[in-house]
Amino acid sequence: MDDLETLSKKLVPYAYNILMNIDDSQDVIQDILIKFNEKDVGLISNQNAYLIKAVINQSINLKRKKDRERQHKITLPEPMVTNQGESKIESDEILSYSMLVLIDALNAKERAVFLLKEAFGYGHDEIAEILTVSIDNSRQLLTRAKKKLKSRKPYDMITSPKKDKKYIEKYVETIRKGDVKALEQMLADEVQVIADGGNKLTVVAQFTSGIKDTIKLMTYLYEYYQKDFEIKIEEINHQPALLFYKDTTLINCQVFEFNPDGKIAHIFSVIDPDKLMRI
């Protein structure tokens with residue numbers, strides 16, 4: 001049996017991929033591990049499976065509660081750095097940012113089945129045991145999840161990190177110059193900007209689409225809010241991102257998704273200070 005720190009590290013992806021929030025994930029895991037230590041663990045034949053099942057089910061319950069409280073506000077996942085050598089999480093098992101945004105359309109149980117089958121490679125018999133559903137119900141939940149996601153599938157992001165970085169550097173330079181013509185060539189026709197300011201901040205726009213409106217928004221933000229910030233390029237949830245710092249305080253994290261032509265299709269902009277604390 002692994003020590004508690006190793007266990008916690010292994011369990012984070014199961015909770016985070018459902019909850020999209022690091023604090024909530026850590027709270028769930030800590031609660032499960034405390035209860036686990038109070039049990040006669042010698043009676044549990046597969047302790048890792050027991051903990052995974054407990055974490056997933058508690059995450060599902062918390063996700064349902066959080067969804068009821070959202071009141072249809074746009075909520076983006078809490079960003080997570082995934083290119084650090086030493087990490088307190090199994091970052092390879094953390095989903096891409098675009099995929100997390102995508103599967104937020106699923107209800108909590110559909111999301112759990114989708115994650116266990118597609119991300120972690122579980123069989124329907126294992127999923128049925130974990131979620132206390134029938135095998136047929138597990139299959140039905142997966143079918144329903146895939147049907148919901150079919151028209152919303154994110155682009156495959158098998159791109160070169162060096163190429164991504166150069167493209168983002170070019171994007172920043174183009175924004176700085178206010179070069180509208182160059183920006184038009186960098187953005188996909190279907191480009192969207194989705195912003196999350198949380199409960200503390202009001203964003204300029206929660207949702208913007210189309211090249212013209214995206215350029216107007218991003219150049220306005222840079223000119224009136226960001227031009228004096230320090231800008232760093234980082235990998236967030238396996239995708240290229242820009243981090244905007246005022247002195248040493250992170251103000252904005254923008255995560256980029258590219259289409260097959262290499263143009264920017266989505267910009268996910270997190271301004272919520274509670275979601276930026278751990279970057």
# chains A, B, ... in the order shown; residues from 1 in each chain; ligands from 1
call {"tool": "residues_around", "arguments": {"residues": "Thr202 (chain A)", "least_positions_apart": "5", "cutoff": "10 Å", "atoms": "only C-alpha atoms", "output": "ChimeraX atom specification"}}
result
/A:195-197,271-272
call {"tool": "closest_residue", "arguments": {"among": "A:Arg144, A:Lys53, A:Lys200, A:Lys166", "to": "Ala128 (chain A)", "atoms": "only C-alpha atoms"}}
result
A:Lys53
call {"tool": "residues_around", "arguments": {"residues": "Ile18 (chain A)", "least_positions_apart": "4", "cutoff": "7 Å", "atoms": "only C-alpha atoms", "output": "ChimeraX atom specification"}}
result
/A:14,59,111-112
call {"tool": "select_by_dssp", "arguments": {"residues": "region 69-269 of chain A", "states": "alpha helix (DSSP H)", "output": "PyMOL selection string"}}
result
chain A and resi 69-70+97-103+108-114+124-131+135-149+161-177+180-186+211-221
call {"tool": "residues_around", "arguments": {"residues": "Thr214 (chain A)", "least_positions_apart": "6", "cutoff": "9 Å", "atoms": "only C-alpha atoms", "output": "PyMOL selection string"}}
result
chain A and resi 187+191-193+208
call {"tool": "residues_around", "arguments": {"residues": "Gly262 (chain A)", "least_positions_apart": "3", "cutoff": "9 Å", "atoms": "only C-alpha atoms", "output": "list in words"}}
result
Thr159, Asp164, Tyr167, Met186, Leu187, Ala188, Phe258, Asn259 and Ala265 of chain A
